[in-house]
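These notes are about the structure you will find just below.
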Amino acid sequence: MKLHTLAPNKGAKHRVKRLGCGESSGHGKTSCKGNKGQKARSGSGTRVGFEGGQMPLHRRLPKRGFNNINFKTKVEVVNLAQIDKAFNDGDTVTEESLRKAGLINRDCEVIKVLGQGEISKKLTFAVGTFSASAKEKVEKAGGSVQA
């Protein structure tokens with residue numbers, strides 16, 4: 001196989017419909033948009049959920065209940081297997097070191113270490129919270145967990 005022999009699968013590529021290219025093309029004059037009206041104009045169309053000026057369904061329905069989105073705590077999860085690959089023996093694991101290693105990217109309030117995988121290095125943890133299995137595995141490997 002060579003680069004010049006590569007081609008897309010049969011039926012994967014479609015010819016672009018060329019609009020407004022003369023009457024004989026079949027797509028000329030109004031470019032398949034019909035005559036006049038909102039949908040025939042450039043930049044046309046309505047937003048999603050628009051009902052022609054009628055009160056939209058999402059505004060007609062009553063709003064009830066509690067939504068926790070503003071109050072939930074943002075938790076980032078890191079597994080022991082990831083930490084074992086990213087750190088050397090004797091290192092201290094902090095929020096900054098986890099960010100430098102690329103194990104945490106987003107904003108979070110709490111970092112939780114989970115016990116998935118094995119840890120073979122003696123590490124000192126100065127991070128948020130631990131699952132019971134993660135704490136057990138860290139201490140079994142000779143590491144320590146600071147609260």
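Starting from 1 in every chain, residues are counted up; chains themselves are A, B, ... following the order of the structure tokens, and ligands are numbered from 1 as listed.
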Write out as a list of chain:residue names the residues lying within 12 Å of Asn105 of chain A, counting only C-alpha atoms and excluding same-chain residues fewer than 4 positions away. A:Val75, A:Glu76, A:Val77, A:Val78, A:Glu95, A:Glu96, A:Ser97, A:Leu98, A:Arg99, A:Lys100, A:Ala101, A:Ile111
Restricting it to C-alpha atoms, dump the selection as a PDB file, in the first residue's frame.
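That gives us result-v3.pdb:
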```pdb
ATOM      1  CA  VAL A  75     -14.624  16.555  42.723  1.00  0.00           C
ATOM      2  CA  GLU A  76     -11.680  15.457  40.564  1.00  0.00           C
ATOM      3  CA  VAL A  77     -10.795  11.752  40.701  1.00  0.00           C
ATOM      4  CA  VAL A  78      -7.292  10.286  40.390  1.00  0.00           C
ATOM      5  CA  GLU A  95      -2.519  19.408  44.000  1.00  0.00           C
ATOM      6  CA  GLU A  96       0.193  21.385  42.162  1.00  0.00           C
ATOM      7  CA  SER A  97       2.242  18.270  41.385  1.00  0.00           C
ATOM      8  CA  LEU A  98      -0.866  16.472  40.081  1.00  0.00           C
ATOM      9  CA  ARG A  99      -1.601  19.435  37.788  1.00  0.00           C
ATOM     10  CA  LYS A 100       2.011  19.491  36.524  1.00  0.00           C
ATOM     11  CA  ALA A 101       1.801  15.757  35.813  1.00  0.00           C
ATOM     12  CA  ILE A 111      -9.381  15.880  44.882  1.00  0.00           C
TER      13      ILE A 111
END
```
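The shell of residues at most 8 Å from Lys137 of chain A, with only C-alpha atoms counted and near chain neighbours (fewer than 5 positions) removed, consists of Gly115, Glu118 and Ile119 of chain A.
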Would you save the residues from that selection as a PDB file, in the first residue's frame, using N, CA, C and O atoms?
```
ATOM      1  N   GLY A 115      -8.600   3.784  44.771  1.00  0.00           N
ATOM      2  CA  GLY A 115      -7.679   2.662  44.867  1.00  0.00           C
ATOM      3  C   GLY A 115      -7.615   1.757  43.655  1.00  0.00           C
ATOM      4  O   GLY A 115      -7.241   0.605  43.787  1.00  0.00           O
ATOM      5  N   GLU A 118      -2.464  -0.635  41.247  1.00  0.00           N
ATOM      6  CA  GLU A 118      -1.516  -0.893  42.344  1.00  0.00           C
ATOM      7  C   GLU A 118      -0.509   0.240  42.430  1.00  0.00           C
ATOM      8  O   GLU A 118      -0.250   0.927  41.457  1.00  0.00           O
ATOM      9  N   ILE A 119       0.076   0.415  43.603  1.00  0.00           N
ATOM     10  CA  ILE A 119       1.135   1.413  43.791  1.00  0.00           C
ATOM     11  C   ILE A 119       2.346   0.698  44.367  1.00  0.00           C
ATOM     12  O   ILE A 119       2.233  -0.079  45.317  1.00  0.00           O
TER      13      ILE A 119
END
```
Counting only C-alpha atoms, what is within 12 Å of segment 3-19 of chain A, bar same-chain residues fewer than 4 positions away, as a PDB file with all heavy atoms, in the first residue's frame?
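The resulting result_17.pdb:
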```
ATOM      1  N   GLU A  23     -29.601  28.745 -14.411  1.00  0.00           N
ATOM      2  CA  GLU A  23     -30.886  28.047 -14.555  1.00  0.00           C
ATOM      3  C   GLU A  23     -30.708  26.594 -14.985  1.00  0.00           C
ATOM      4  O   GLU A  23     -31.412  25.719 -14.511  1.00  0.00           O
ATOM      5  CB  GLU A  23     -31.764  28.768 -15.600  1.00  0.00           C
ATOM      6  CG  GLU A  23     -32.301  30.100 -15.125  1.00  0.00           C
ATOM      7  CD  GLU A  23     -33.222  29.951 -13.939  1.00  0.00           C
ATOM      8  OE1 GLU A  23     -34.249  29.276 -14.075  1.00  0.00           O
ATOM      9  OE2 GLU A  23     -32.887  30.483 -12.869  1.00  0.00           O
ATOM     10  N   SER A  24     -29.779  26.334 -15.889  1.00  0.00           N
ATOM     11  CA  SER A  24     -29.643  24.989 -16.451  1.00  0.00           C
ATOM     12  C   SER A  24     -29.102  23.983 -15.446  1.00  0.00           C
ATOM     13  O   SER A  24     -29.218  22.780 -15.657  1.00  0.00           O
ATOM     14  CB  SER A  24     -28.745  25.029 -17.688  1.00  0.00           C
ATOM     15  OG  SER A  24     -27.462  25.501 -17.307  1.00  0.00           O
ATOM     16  N   SER A  25     -28.530  24.455 -14.351  1.00  0.00           N
ATOM     17  CA  SER A  25     -27.973  23.521 -13.364  1.00  0.00           C
ATOM     18  C   SER A  25     -29.075  22.817 -12.580  1.00  0.00           C
ATOM     19  O   SER A  25     -28.841  21.788 -11.958  1.00  0.00           O
ATOM     20  CB  SER A  25     -27.067  24.262 -12.380  1.00  0.00           C
ATOM     21  OG  SER A  25     -27.839  25.078 -11.523  1.00  0.00           O
ATOM     22  N   GLY A  26     -30.278  23.385 -12.587  1.00  0.00           N
ATOM     23  CA  GLY A  26     -31.357  22.808 -11.787  1.00  0.00           C
ATOM     24  C   GLY A  26     -31.389  23.381 -10.381  1.00  0.00           C
ATOM     25  O   GLY A  26     -32.327  23.145  -9.630  1.00  0.00           O
ATOM     26  N   HIS A  27     -30.339  24.116 -10.018  1.00  0.00           N
ATOM     27  CA  HIS A  27     -30.264  24.717  -8.688  1.00  0.00           C
ATOM     28  C   HIS A  27     -30.033  26.217  -8.804  1.00  0.00           C
ATOM     29  O   HIS A  27     -29.417  26.826  -7.933  1.00  0.00           O
ATOM     30  CB  HIS A  27     -29.125  24.100  -7.870  1.00  0.00           C
ATOM     31  CG  HIS A  27     -29.201  22.614  -7.752  1.00  0.00           C
ATOM     32  ND1 HIS A  27     -30.294  21.958  -7.231  1.00  0.00           N
ATOM     33  CD2 HIS A  27     -28.324  21.646  -8.115  1.00  0.00           C
ATOM     34  CE1 HIS A  27     -30.079  20.652  -7.270  1.00  0.00           C
ATOM     35  NE2 HIS A  27     -28.893  20.436  -7.806  1.00  0.00           N
ATOM     36  N   GLY A  28     -30.507  26.812  -9.883  1.00  0.00           N
ATOM     37  CA  GLY A  28     -30.267  28.237 -10.108  1.00  0.00           C
ATOM     38  C   GLY A  28     -31.350  29.108  -9.520  1.00  0.00           C
ATOM     39  O   GLY A  28     -32.188  28.669  -8.742  1.00  0.00           O
ATOM     40  N   LYS A  29     -31.361  30.374  -9.914  1.00  0.00           N
ATOM     41  CA  LYS A  29     -32.331  31.389  -9.505  1.00  0.00           C
ATOM     42  C   LYS A  29     -32.535  31.448  -7.992  1.00  0.00           C
ATOM     43  O   LYS A  29     -31.855  32.174  -7.308  1.00  0.00           O
ATOM     44  CB  LYS A  29     -33.674  31.210 -10.229  1.00  0.00           C
ATOM     45  CG  LYS A  29     -34.575  32.411 -10.092  1.00  0.00           C
ATOM     46  CD  LYS A  29     -35.914  32.202 -10.785  1.00  0.00           C
ATOM     47  CE  LYS A  29     -36.863  33.319 -10.412  1.00  0.00           C
ATOM     48  NZ  LYS A  29     -38.209  32.860 -10.184  1.00  0.00           N
ATOM     49  N   THR A  30     -33.461  30.657  -7.443  1.00  0.00           N
ATOM     50  CA  THR A  30     -33.748  30.754  -6.007  1.00  0.00           C
ATOM     51  C   THR A  30     -32.917  29.774  -5.173  1.00  0.00           C
ATOM     52  O   THR A  30     -33.097  29.679  -3.961  1.00  0.00           O
ATOM     53  CB  THR A  30     -35.243  30.483  -5.736  1.00  0.00           C
ATOM     54  OG1 THR A  30     -35.580  29.220  -6.297  1.00  0.00           O
ATOM     55  CG2 THR A  30     -36.108  31.573  -6.320  1.00  0.00           C
ATOM     56  N   SER A  31     -32.021  29.042  -5.803  1.00  0.00           N
ATOM     57  CA  SER A  31     -31.117  28.110  -5.113  1.00  0.00           C
ATOM     58  C   SER A  31     -31.868  27.108  -4.242  1.00  0.00           C
ATOM     59  O   SER A  31     -31.496  26.859  -3.093  1.00  0.00           O
ATOM     60  CB  SER A  31     -30.104  28.874  -4.266  1.00  0.00           C
ATOM     61  OG  SER A  31     -29.355  29.752  -5.060  1.00  0.00           O
ATOM     62  N   CYS A  32     -32.945  26.540  -4.769  1.00  0.00           N
ATOM     63  CA  CYS A  32     -33.732  25.505  -4.101  1.00  0.00           C
ATOM     64  C   CYS A  32     -34.432  25.989  -2.835  1.00  0.00           C
ATOM     65  O   CYS A  32     -34.826  25.180  -2.002  1.00  0.00           O
ATOM     66  CB  CYS A  32     -32.864  24.291  -3.754  1.00  0.00           C
ATOM     67  SG  CYS A  32     -32.076  23.579  -5.190  1.00  0.00           S
ATOM     68  N   LYS A  33     -34.581  27.313  -2.670  1.00  0.00           N
ATOM     69  CA  LYS A  33     -35.206  27.833  -1.451  1.00  0.00           C
ATOM     70  C   LYS A  33     -36.646  28.275  -1.670  1.00  0.00           C
ATOM     71  O   LYS A  33     -37.271  28.789  -0.744  1.00  0.00           O
ATOM     72  CB  LYS A  33     -34.403  29.027  -0.913  1.00  0.00           C
ATOM     73  CG  LYS A  33     -33.063  28.622  -0.335  1.00  0.00           C
ATOM     74  CD  LYS A  33     -32.356  29.800   0.264  1.00  0.00           C
ATOM     75  CE  LYS A  33     -31.096  29.366   0.987  1.00  0.00           C
ATOM     76  NZ  LYS A  33     -30.796  30.220   2.113  1.00  0.00           N
TER      77      LYS A  33
END
```
If you run DSSP over the backbone, which residues in chain A end up strand (DSSP E or B)? Put them as a short mmCIF file (atom, residue, chain, number, x, y, z; two decimals) with C-alpha atoms, in the first residue's frame.
```
data_model
loop_
_atom_site.label_atom_id
_atom_site.label_comp_id
_atom_site.auth_asym_id
_atom_site.auth_seq_id
_atom_site.Cartn_x
_atom_site.Cartn_y
_atom_site.Cartn_z
CA VAL A 75 -14.62 16.55 42.72
CA GLU A 76 -11.68 15.46 40.56
CA VAL A 77 -10.80 11.75 40.70
CA VAL A 78 -7.29 10.29 40.39
CA ASN A 79 -6.46 6.59 40.52
CA THR A 92 5.26 14.25 47.63
CA VAL A 93 1.90 14.27 45.87
CA VAL A 110 -11.88 18.40 46.24
CA ILE A 111 -9.38 15.88 44.88
CA LYS A 112 -10.19 12.26 45.65
CA VAL A 113 -7.66 9.44 45.29
CA LEU A 114 -9.23 6.09 44.41
CA THR A 124 3.77 11.08 50.65
CA PHE A 125 0.26 12.36 49.93
CA THR A 129 -9.61 12.76 50.40
CA PHE A 130 -8.97 9.04 49.97
CA SER A 144 1.97 8.08 54.13
CA VAL A 145 -1.25 10.07 53.99
#
```
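You will find atom CA of Thr73 of chain A at 15.8 Å from atom CA of Ile104 of chain A.
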